[in-house]
>>> print(open('my_file-v3.pdb').read())   # PDB, C-alpha atoms
ATOM      1  CA  MET A   4      94.403  99.542  84.357  1.00  0.00           C
ATOM      2  CA  ILE A   5      95.778 102.865  83.111  1.00  0.00           C
ATOM      3  CA  VAL A   6      97.426 103.863  86.395  1.00  0.00           C
ATOM      4  CA  ASN A   7      98.990 101.484  88.904  1.00  0.00           C
ATOM      5  CA  ASP A   8     100.385 103.359  91.885  1.00  0.00           C
ATOM      6  CA  PHE A   9     102.914 105.784  90.304  1.00  0.00           C
ATOM      7  CA  PHE A  10     103.186 103.902  86.974  1.00  0.00           C
ATOM      8  CA  LEU A  11     101.200 105.181  83.954  1.00  0.00           C
ATOM      9  CA  ASP A  12     100.513 102.828  81.034  1.00  0.00           C
ATOM     10  CA  PHE A  13     100.477 105.293  78.144  1.00  0.00           C
ATOM     11  CA  ASN A  14      99.399 102.694  75.588  1.00  0.00           C
ATOM     12  CA  LYS A  15      96.245 102.018  77.602  1.00  0.00           C
ATOM     13  CA  LEU A  16      95.697 105.750  78.095  1.00  0.00           C
ATOM     14  CA  ASN A  17      96.011 106.353  74.365  1.00  0.00           C
ATOM     15  CA  LYS A  18      93.495 103.597  73.519  1.00  0.00           C
ATOM     16  CA  HIS A  19      91.075 104.974  76.123  1.00  0.00           C
ATOM     17  CA  ILE A  20      91.304 108.473  74.654  1.00  0.00           C
ATOM     18  CA  ILE A  21      90.917 107.275  71.060  1.00  0.00           C
ATOM     19  CA  LYS A  22      87.748 105.437  72.082  1.00  0.00           C
ATOM     20  CA  ASN A  23      86.167 107.998  74.404  1.00  0.00           C
ATOM     21  CA  ALA A  24      87.363 111.539  73.730  1.00  0.00           C
ATOM     22  CA  SER A  25      86.931 114.149  71.029  1.00  0.00           C
ATOM     23  CA  SER A  26      89.851 116.432  70.282  1.00  0.00           C
ATOM     24  CA  ALA A  27      88.112 119.310  72.095  1.00  0.00           C
ATOM     25  CA  ASN A  28      87.855 117.570  75.476  1.00  0.00           C
ATOM     26  CA  ARG A  29      90.871 115.297  75.207  1.00  0.00           C
ATOM     27  CA  LEU A  30      92.860 116.876  78.049  1.00  0.00           C
ATOM     28  CA  GLN A  31      89.856 116.665  80.389  1.00  0.00           C
ATOM     29  CA  GLN A  32      89.458 112.975  79.559  1.00  0.00           C
ATOM     30  CA  ILE A  33      93.158 112.297  80.089  1.00  0.00           C
ATOM     31  CA  TYR A  34      93.171 114.070  83.439  1.00  0.00           C
ATOM     32  CA  GLU A  35      90.113 112.183  84.632  1.00  0.00           C
ATOM     33  CA  ALA A  36      91.424 108.834  83.335  1.00  0.00           C
ATOM     34  CA  VAL A  37      94.599 109.135  85.426  1.00  0.00           C
ATOM     35  CA  GLY A  38      92.676 110.041  88.590  1.00  0.00           C
ATOM     36  CA  GLY A  39      92.446 113.813  88.351  1.00  0.00           C
ATOM     37  CA  LYS A  40      89.664 115.677  90.161  1.00  0.00           C
ATOM     38  CA  PHE A  41      87.801 118.847  89.238  1.00  0.00           C
ATOM     39  CA  HIS A  42      86.497 121.715  91.351  1.00  0.00           C
ATOM     40  CA  ASP A  43      83.319 122.084  89.251  1.00  0.00           C
ATOM     41  CA  GLU A  44      80.567 119.934  87.753  1.00  0.00           C
ATOM     42  CA  ASN A  45      81.435 121.062  84.228  1.00  0.00           C
ATOM     43  CA  LYS A  46      84.948 119.659  84.640  1.00  0.00           C
ATOM     44  CA  LYS A  47      86.630 122.836  83.478  1.00  0.00           C
ATOM     45  CA  ILE A  48      88.659 123.672  86.600  1.00  0.00           C
ATOM     46  CA  MET A  49      91.311 121.099  87.510  1.00  0.00           C
ATOM     47  CA  LYS A  50      92.466 120.731  91.109  1.00  0.00           C
ATOM     48  CA  GLY A  51      96.168 120.421  90.344  1.00  0.00           C
ATOM     49  CA  PRO A  52      98.958 118.461  88.672  1.00  0.00           C
ATOM     50  CA  LEU A  53      99.508 114.693  88.796  1.00  0.00           C
ATOM     51  CA  VAL A  54     102.889 113.079  88.126  1.00  0.00           C
ATOM     52  CA  PHE A  55     103.630 109.528  86.888  1.00  0.00           C
ATOM     53  CA  ILE A  56     106.457 107.399  85.516  1.00  0.00           C
ATOM     54  CA  THR A  57     105.434 106.140  82.071  1.00  0.00           C
ATOM     55  CA  GLY A  58     108.746 104.768  80.815  1.00  0.00           C
ATOM     56  CA  ILE A  59     112.200 103.671  81.890  1.00  0.00           C
ATOM     57  CA  GLY A  60     115.016 104.226  79.442  1.00  0.00           C
ATOM     58  CA  GLY A  61     112.462 105.104  76.766  1.00  0.00           C
ATOM     59  CA  ILE A  62     110.670 101.748  77.151  1.00  0.00           C
ATOM     60  CA  LEU A  63     106.985 102.076  78.005  1.00  0.00           C
ATOM     61  CA  ILE A  64     105.565 100.562  81.167  1.00  0.00           C
ATOM     62  CA  GLU A  65     102.658  98.128  80.835  1.00  0.00           C
ATOM     63  CA  ASN A  66     100.096  97.855  83.629  1.00  0.00           C
ATOM     64  CA  ARG A  67      98.311  94.517  84.039  1.00  0.00           C
ATOM     65  CA  THR A  68      95.787  93.325  86.606  1.00  0.00           C
ATOM     66  CA  ASP A  69      98.554  91.775  88.695  1.00  0.00           C
ATOM     67  CA  GLY A  70     101.006  94.685  88.533  1.00  0.00           C
ATOM     68  CA  SER A  71     103.309  96.692  86.260  1.00  0.00           C
ATOM     69  CA  TYR A  72     105.696  95.272  83.679  1.00  0.00           C
ATOM     70  CA  ILE A  73     108.527  96.406  81.462  1.00  0.00           C
ATOM     71  CA  LEU A  74     109.678  94.128  78.628  1.00  0.00           C
ATOM     72  CA  ASN A  75     107.393  91.441  80.125  1.00  0.00           C
ATOM     73  CA  LYS A  76     109.270  91.592  83.448  1.00  0.00           C
ATOM     74  CA  LYS A  77     107.198  92.452  86.498  1.00  0.00           C
ATOM     75  CA  ILE A  78     108.434  95.502  88.370  1.00  0.00           C
ATOM     76  CA  ASN A  79     107.738  96.923  91.800  1.00  0.00           C
ATOM     77  CA  THR A  80     109.484  99.246  94.226  1.00  0.00           C
ATOM     78  CA  ASP A  81     112.046  96.618  95.244  1.00  0.00           C
ATOM     79  CA  SER A  82     112.877  95.488  91.724  1.00  0.00           C
ATOM     80  CA  MET A  83     113.097  99.092  90.484  1.00  0.00           C
ATOM     81  CA  PHE A  84     115.579  99.859  93.236  1.00  0.00           C
ATOM     82  CA  ASP A  85     117.666  96.900  92.085  1.00  0.00           C
ATOM     83  CA  ILE A  86     117.455  98.002  88.421  1.00  0.00           C
ATOM     84  CA  VAL A  87     118.511 101.568  89.225  1.00  0.00           C
ATOM     85  CA  MET A  88     121.318 100.582  91.569  1.00  0.00           C
ATOM     86  CA  SER A  89     122.609  97.824  89.249  1.00  0.00           C
ATOM     87  CA  MET A  90     123.119 100.365  86.474  1.00  0.00           C
ATOM     88  CA  ALA A  91     124.670 102.764  88.988  1.00  0.00           C
ATOM     89  CA  GLY A  92     126.962  99.857  89.824  1.00  0.00           C
ATOM     90  CA  VAL A  93     127.936  99.483  86.155  1.00  0.00           C
ATOM     91  CA  SER A  94     128.695 103.212  86.082  1.00  0.00           C
ATOM     92  CA  SER A  95     130.855 102.800  89.195  1.00  0.00           C
ATOM     93  CA  PHE A  96     132.547  99.572  88.139  1.00  0.00           C
ATOM     94  CA  MET A  97     135.472 101.097  86.224  1.00  0.00           C
ATOM     95  CA  SER A  98     136.325 103.727  88.835  1.00  0.00           C
ATOM     96  CA  TYR A  99     138.300 103.914  92.042  1.00  0.00           C
ATOM     97  CA  LEU A 100     134.932 103.843  93.808  1.00  0.00           C
ATOM     98  CA  ASN A 101     134.860 100.066  93.273  1.00  0.00           C
ATOM     99  CA  PRO A 102     137.038  98.962  96.193  1.00  0.00           C
ATOM    100  CA  SER A 103     136.095  95.297  96.310  1.00  0.00           C
ATOM    101  CA  ASN A 104     134.149  92.497  94.669  1.00  0.00           C
ATOM    102  CA  LEU A 105     130.491  93.426  95.115  1.00  0.00           C
ATOM    103  CA  GLU A 106     127.223  92.659  93.354  1.00  0.00           C
ATOM    104  CA  LEU A 107     126.394  95.506  90.972  1.00  0.00           C
ATOM    105  CA  SER A 108     123.316  96.660  92.897  1.00  0.00           C
ATOM    106  CA  THR A 109     125.278  96.638  96.160  1.00  0.00           C
ATOM    107  CA  LEU A 110     128.115  98.591  94.558  1.00  0.00           C
ATOM    108  CA  GLY A 111     125.711 101.160  93.103  1.00  0.00           C
ATOM    109  CA  GLU A 112     123.898 101.619  96.388  1.00  0.00           C
ATOM    110  CA  LYS A 113     127.197 102.044  98.238  1.00  0.00           C
ATOM    111  CA  VAL A 114     128.502 104.667  95.823  1.00  0.00           C
ATOM    112  CA  VAL A 115     125.229 106.623  95.813  1.00  0.00           C
ATOM    113  CA  SER A 116     124.297 106.341  99.484  1.00  0.00           C
ATOM    114  CA  GLN A 117     127.626 106.107 101.272  1.00  0.00           C
ATOM    115  CA  TYR A 118     129.844 108.212  99.010  1.00  0.00           C
ATOM    116  CA  ASN A 119     127.013 110.489  97.753  1.00  0.00           C
ATOM    117  CA  HIS A 120     128.511 110.193  94.276  1.00  0.00           C
ATOM    118  CA  THR A 121     125.238 110.660  92.391  1.00  0.00           C
ATOM    119  CA  SER A 122     126.827 111.231  88.966  1.00  0.00           C
ATOM    120  CA  VAL A 123     126.680 107.431  88.547  1.00  0.00           C
ATOM    121  CA  LEU A 124     122.889 107.879  88.152  1.00  0.00           C
ATOM    122  CA  HIS A 125     123.320 109.550  84.742  1.00  0.00           C
ATOM    123  CA  PRO A 126     123.048 106.270  82.734  1.00  0.00           C
ATOM    124  CA  ILE A 127     119.524 105.589  84.081  1.00  0.00           C
ATOM    125  CA  SER A 128     116.839 107.588  82.290  1.00  0.00           C
ATOM    126  CA  LEU A 129     113.162 108.077  83.089  1.00  0.00           C
ATOM    127  CA  ASN A 130     110.096 109.293  81.214  1.00  0.00           C
ATOM    128  CA  ILE A 131     107.803 111.204  83.567  1.00  0.00           C
ATOM    129  CA  VAL A 132     104.367 112.567  82.620  1.00  0.00           C
ATOM    130  CA  VAL A 133     102.849 115.615  84.314  1.00  0.00           C
ATOM    131  CA  VAL A 134      99.189 116.401  83.622  1.00  0.00           C
ATOM    132  CA  GLY A 135      96.911 119.104  85.009  1.00  0.00           C
ATOM    133  CA  HIS A 136      99.471 121.837  85.617  1.00  0.00           C
ATOM    134  CA  SER A 137      99.206 125.420  84.386  1.00  0.00           C
ATOM    135  CA  ILE A 138     101.150 126.762  81.416  1.00  0.00           C
ATOM    136  CA  GLY A 139     102.454 129.478  83.734  1.00  0.00           C
ATOM    137  CA  VAL A 140     104.371 126.874  85.733  1.00  0.00           C
ATOM    138  CA  GLU A 141     105.244 124.902  82.606  1.00  0.00           C
ATOM    139  CA  HIS A 142     107.395 127.841  81.496  1.00  0.00           C
ATOM    140  CA  GLU A 143     109.661 127.228  84.499  1.00  0.00           C
ATOM    141  CA  LEU A 144     110.134 123.603  83.451  1.00  0.00           C
ATOM    142  CA  SER A 145     110.766 124.657  79.841  1.00  0.00           C
ATOM    143  CA  THR A 146     113.824 126.589  81.010  1.00  0.00           C
ATOM    144  CA  GLN A 147     115.354 123.300  82.214  1.00  0.00           C
ATOM    145  CA  ARG A 148     115.719 121.892  78.691  1.00  0.00           C
ATOM    146  CA  ASP A 149     119.488 121.723  79.090  1.00  0.00           C
ATOM    147  CA  LEU A 150     118.810 118.989  81.668  1.00  0.00           C
ATOM    148  CA  LEU A 151     115.516 117.382  80.624  1.00  0.00           C
ATOM    149  CA  HIS A 152     113.814 116.901  77.277  1.00  0.00           C
ATOM    150  CA  LEU A 153     110.295 118.296  77.377  1.00  0.00           C
ATOM    151  CA  SER A 154     107.452 116.985  75.182  1.00  0.00           C
ATOM    152  CA  ARG A 155     104.585 119.418  75.594  1.00  0.00           C
ATOM    153  CA  LEU A 156     101.014 120.038  74.615  1.00  0.00           C
ATOM    154  CA  THR A 157     100.901 122.763  71.973  1.00  0.00           C
ATOM    155  CA  VAL A 158      99.998 125.962  73.810  1.00  0.00           C
ATOM    156  CA  ALA A 159      97.546 127.514  71.362  1.00  0.00           C
ATOM    157  CA  LYS A 160      97.588 126.040  67.859  1.00  0.00           C
ATOM    158  CA  THR A 161      95.569 122.909  68.642  1.00  0.00           C
ATOM    159  CA  ASP A 162      91.884 121.969  69.025  1.00  0.00           C
ATOM    160  CA  VAL A 163      92.505 120.883  72.633  1.00  0.00           C
ATOM    161  CA  GLN A 164      93.124 124.532  73.489  1.00  0.00           C
ATOM    162  CA  ASP A 165      89.987 125.922  71.795  1.00  0.00           C
ATOM    163  CA  SER A 166      88.116 125.728  75.106  1.00  0.00           C
ATOM    164  CA  PRO A 167      90.690 124.672  77.687  1.00  0.00           C
ATOM    165  CA  CYS A 168      90.474 123.843  81.353  1.00  0.00           C
ATOM    166  CA  LEU A 169      92.098 125.983  84.019  1.00  0.00           C
ATOM    167  CA  THR A 170      94.192 124.760  86.943  1.00  0.00           C
ATOM    168  CA  LEU A 171      93.284 126.125  90.370  1.00  0.00           C
ATOM    169  CA  ARG A 172      95.108 125.479  93.636  1.00  0.00           C
ATOM    170  CA  ASN A 173      92.933 127.682  95.869  1.00  0.00           C
ATOM    171  CA  PRO A 174      89.230 126.654  95.802  1.00  0.00           C
ATOM    172  CA  GLU A 175      88.222 130.014  97.314  1.00  0.00           C
ATOM    173  CA  LEU A 176      88.843 131.524  93.882  1.00  0.00           C
ATOM    174  CA  LEU A 177      86.608 129.063  92.035  1.00  0.00           C
ATOM    175  CA  PRO A 178      83.809 131.586  91.198  1.00  0.00           C
ATOM    176  CA  TYR A 179      86.355 133.936  89.625  1.00  0.00           C
ATOM    177  CA  TYR A 180      87.980 131.171  87.605  1.00  0.00           C
ATOM    178  CA  GLU A 181      84.576 129.987  86.391  1.00  0.00           C
ATOM    179  CA  LYS A 182      83.686 133.512  85.320  1.00  0.00           C
ATOM    180  CA  ALA A 183      87.053 133.983  83.604  1.00  0.00           C
ATOM    181  CA  ILE A 184      86.745 130.789  81.564  1.00  0.00           C
ATOM    182  CA  ALA A 185      83.103 131.530  80.659  1.00  0.00           C
ATOM    183  CA  ASP A 186      83.858 135.106  79.604  1.00  0.00           C
ATOM    184  CA  ILE A 187      86.884 134.189  77.494  1.00  0.00           C
ATOM    185  CA  ASP A 188      85.042 131.229  75.952  1.00  0.00           C
ATOM    186  CA  ALA A 189      82.319 133.643  74.872  1.00  0.00           C
ATOM    187  CA  ILE A 190      84.842 136.087  73.418  1.00  0.00           C
ATOM    188  CA  VAL A 191      86.652 133.329  71.524  1.00  0.00           C
ATOM    189  CA  LYS A 192      83.419 131.994  70.031  1.00  0.00           C
ATOM    190  CA  SER A 193      82.346 135.480  68.973  1.00  0.00           C
ATOM    191  CA  THR A 194      85.490 136.235  66.961  1.00  0.00           C
ATOM    192  CA  ASN A 195      84.829 133.846  64.056  1.00  0.00           C
ATOM    193  CA  SER A 196      88.538 134.164  63.372  1.00  0.00           C
ATOM    194  CA  LYS A 197      90.456 131.443  61.561  1.00  0.00           C
ATOM    195  CA  ASP A 198      93.648 132.469  63.348  1.00  0.00           C
ATOM    196  CA  LYS A 199      93.367 129.770  66.022  1.00  0.00           C
ATOM    197  CA  GLU A 200      96.735 130.509  67.573  1.00  0.00           C
ATOM    198  CA  SER A 201      96.126 134.214  68.176  1.00  0.00           C
ATOM    199  CA  VAL A 202      92.594 133.639  69.458  1.00  0.00           C
ATOM    200  CA  ASN A 203      93.568 130.865  71.879  1.00  0.00           C
ATOM    201  CA  LEU A 204      96.315 133.017  73.356  1.00  0.00           C
ATOM    202  CA  LEU A 205      93.505 135.003  74.978  1.00  0.00           C
ATOM    203  CA  PHE A 206      93.288 132.320  77.666  1.00  0.00           C
ATOM    204  CA  PRO A 207      95.248 133.017  80.883  1.00  0.00           C
ATOM    205  CA  ASN A 208      98.416 131.457  82.310  1.00  0.00           C
ATOM    206  CA  ALA A 209      96.180 129.242  84.448  1.00  0.00           C
ATOM    207  CA  LYS A 210      95.306 127.245  81.316  1.00  0.00           C
ATOM    208  CA  SER A 211      95.887 123.534  81.983  1.00  0.00           C
ATOM    209  CA  SER A 212      98.476 121.511  80.116  1.00  0.00           C
ATOM    210  CA  MET A 213     100.335 118.204  79.857  1.00  0.00           C
ATOM    211  CA  ILE A 214     104.015 117.368  79.372  1.00  0.00           C
ATOM    212  CA  MET A 215     106.445 114.480  79.398  1.00  0.00           C
ATOM    213  CA  LEU A 216     109.884 115.036  80.904  1.00  0.00           C
ATOM    214  CA  SER A 217     112.714 112.709  79.852  1.00  0.00           C
ATOM    215  CA  GLY A 218     116.227 112.583  81.228  1.00  0.00           C
ATOM    216  CA  SER A 219     118.689 110.891  83.513  1.00  0.00           C
ATOM    217  CA  VAL A 220     117.896 110.244  87.165  1.00  0.00           C
ATOM    218  CA  LYS A 221     120.812 112.523  88.049  1.00  0.00           C
ATOM    219  CA  ASN A 222     119.358 115.396  86.036  1.00  0.00           C
ATOM    220  CA  PHE A 223     115.924 114.852  87.547  1.00  0.00           C
ATOM    221  CA  LEU A 224     117.557 115.174  90.974  1.00  0.00           C
ATOM    222  CA  LYS A 225     119.101 118.477  89.891  1.00  0.00           C
ATOM    223  CA  VAL A 226     115.748 119.840  88.725  1.00  0.00           C
ATOM    224  CA  VAL A 227     113.940 118.579  91.828  1.00  0.00           C
ATOM    225  CA  ASP A 228     116.398 120.560  93.963  1.00  0.00           C
ATOM    226  CA  MET A 229     114.705 123.743  92.700  1.00  0.00           C
ATOM    227  CA  ARG A 230     111.958 123.122  95.232  1.00  0.00           C
ATOM    228  CA  ASN A 231     114.334 124.357  97.923  1.00  0.00           C
ATOM    229  CA  GLN A 232     114.911 127.698  96.191  1.00  0.00           C
ATOM    230  CA  SER A 233     113.065 130.699  97.568  1.00  0.00           C
ATOM    231  CA  GLY A 234     110.584 132.445  95.304  1.00  0.00           C
ATOM    232  CA  LYS A 235     109.466 129.398  93.307  1.00  0.00           C
ATOM    233  CA  GLU A 236     105.729 129.094  92.639  1.00  0.00           C
ATOM    234  CA  ASP A 237     103.814 126.784  94.969  1.00  0.00           C
ATOM    235  CA  GLU A 238     102.435 124.796  92.032  1.00  0.00           C
ATOM    236  CA  LEU A 239     105.956 124.168  90.734  1.00  0.00           C
ATOM    237  CA  ILE A 240     107.062 123.047  94.195  1.00  0.00           C
ATOM    238  CA  ASP A 241     104.093 120.647  94.249  1.00  0.00           C
ATOM    239  CA  ILE A 242     105.215 119.116  90.939  1.00  0.00           C
ATOM    240  CA  LEU A 243     108.813 118.847  92.126  1.00  0.00           C
ATOM    241  CA  ASN A 244     107.780 117.285  95.434  1.00  0.00           C
ATOM    242  CA  LYS A 245     105.696 114.677  93.613  1.00  0.00           C
ATOM    243  CA  THR A 246     108.590 113.992  91.242  1.00  0.00           C
ATOM    244  CA  ASN A 247     110.911 113.642  94.213  1.00  0.00           C
ATOM    245  CA  ASP A 248     108.491 111.103  95.714  1.00  0.00           C
ATOM    246  CA  LEU A 249     108.742 109.059  92.501  1.00  0.00           C
ATOM    247  CA  LEU A 250     112.537 109.186  92.568  1.00  0.00           C
ATOM    248  CA  SER A 251     112.588 108.248  96.257  1.00  0.00           C
ATOM    249  CA  SER A 252     110.379 105.234  95.552  1.00  0.00           C
ATOM    250  CA  LEU A 253     112.933 104.026  92.990  1.00  0.00           C
ATOM    251  CA  MET A 254     116.039 104.733  95.061  1.00  0.00           C
ATOM    252  CA  GLY A 255     114.888 103.669  98.508  1.00  0.00           C
TER     253      GLY A 255
END
>>> encode(input="my_file-v3.pdb", output="structure tokens")
Amino acid sequence: MIVNDFFLDFNKLNKHIIKNASSANRLQQIYEAVGGKFHDENKKIMKGPLVFITGIGGILIENRTDGSYILNKKINTDSMFDIVMSMAGVSSFMSYLNPSNLELSTLGEKVVSQYNHTSVLHPISLNIVVVGHSIGVEHELSTQRDLLHLSRLTVAKTDVQDSPCLTLRNPELLPYYEKAIADIDAIVKSTNSKDKESVNLLFPNAKSSMIMLSGSVKNFLKVVDMRNQSGKEDELIDILNKTNDLLSSLMG
């Protein structure tokens, strides 16, 4: 299976796309393969972003029929909590926050939960994939590169963006989005220009995209806190809420 709960097996996704998708409709195939839904029969208008953990510490997760694995060790919510808190315990071990002889996971949980000393979560890193969001909201995440590394779908200079999907939160606007994508598609095809990048920049900020965010659990918590700031786009808040759900599942 490609997706198991909130774990994404990127190796399986890659093999599926190699087998089934052309470069032009690759993002559509990816979105559908991970459970994404469309507003329209043509599968051009995505319903919104999906968020998954695809790696821990840069090591890819493998989904099997009986669950998810990392380095051939089966993982679930309970074991992930133990992994995260054990490393938090290592980070706490040398400090004054280690008052007594405790198991590492117990020490980590105590420092994080009781003392709220979340800096000990810096040694644990995650690789989180977001697919089906708009490039308008992606810009907000791009500004967080001091905290998280961002691997992103090329905005314009790629075949995937020759006839892209759009992301739509409000289904009442579907007819207008369908008209927009049809009109711009027609304009793009009529140009006969070899300047792919300039032509593909005609598509609006609602154009769908895909990214991978990599960074420490502590830095993810910092970025997720943006959802409480006034004035943030609803789509961004949706992504941050879903990311927060992933973090909560790992940290109890």
>>> resolve_selection(input="my_file-v3.pdb", expression="the PyMOL selection byres ((chain A and resi 95) around 12)", output="count of residues only")
34
>>> closest_residue(input="my_file-v3.pdb", among="A:Ile73, A:Met215, A:Ile127, A:Ile190", to="A:Arg155", atoms="all atoms listed in the file")
A:Met215
>>> resolve_selection(input="my_file-v3.pdb", expression="the PyMOL selection byres ((chain A and resi 34-41) around 10)", output="PyMOL selection string")
chain A and resi 4-7+11-12+16+19-20+29-33+42-55+133-135+168-171+211-213
>>> atom_distance(input="my_file-v3.pdb", atom1="atom CA of A:Ser154", atom2="atom CA of A:Asp85")
28.2 Å
>>> atom_distance(input="my_file-v3.pdb", atom1="atom CA of A:Asp228", atom2="atom CA of A:Asp241")
12.3 Å
>>> closest_residue(input="my_file-v3.pdb", among="A:Asn119, A:Glu141, A:Val132, A:Asn247", to="A:Asn231", atoms="all atoms listed in the file")
A:Asn247
>>> axis_aligned_box(input="my_file-v3.pdb", around="stretch 209-226 of chain A", padding_each_side="4 Å", output="JSON")
{"center_x": 108.1, "center_y": 119.7, "center_z": 85.2, "size_x": 33.5, "size_y": 27.0, "size_z": 19.6}
>>> closest_residue(input="my_file-v3.pdb", among="A:Lys22, A:His136, A:Lys221, A:Lys197", to="A:Leu150", atoms="only C-alpha atoms")
A:Lys221
>>> atom_distance(input="my_file-v3.pdb", atom1="atom CA of A:Gln117", atom2="atom CA of A:Thr80")
20.6 Å
>>> resolve_selection(input="my_file-v3.pdb", expression="the PyMOL selection byres ((chain A and resi 61-68) around 12)", output="NGL selection string")
:A and (4-16 or 55-60 or 69-79 or 127-132 or 152 or 215-219)
>>> closest_residue(input="my_file-v3.pdb", among="A:Lys18, A:Met229, A:Asn208, A:Thr194", to="A:His142", atoms="only C-alpha atoms")
A:Asn208
>>> residues_around(input="my_file-v3.pdb", residues="A:Ser201", least_positions_apart="5", cutoff="12 Å", atoms="all atoms listed in the file", output="list in words")
Val158, Ala159, Lys160, Thr161, Gln164, Asp165, Val191, Thr194, Ser196 and Phe206 of chain A
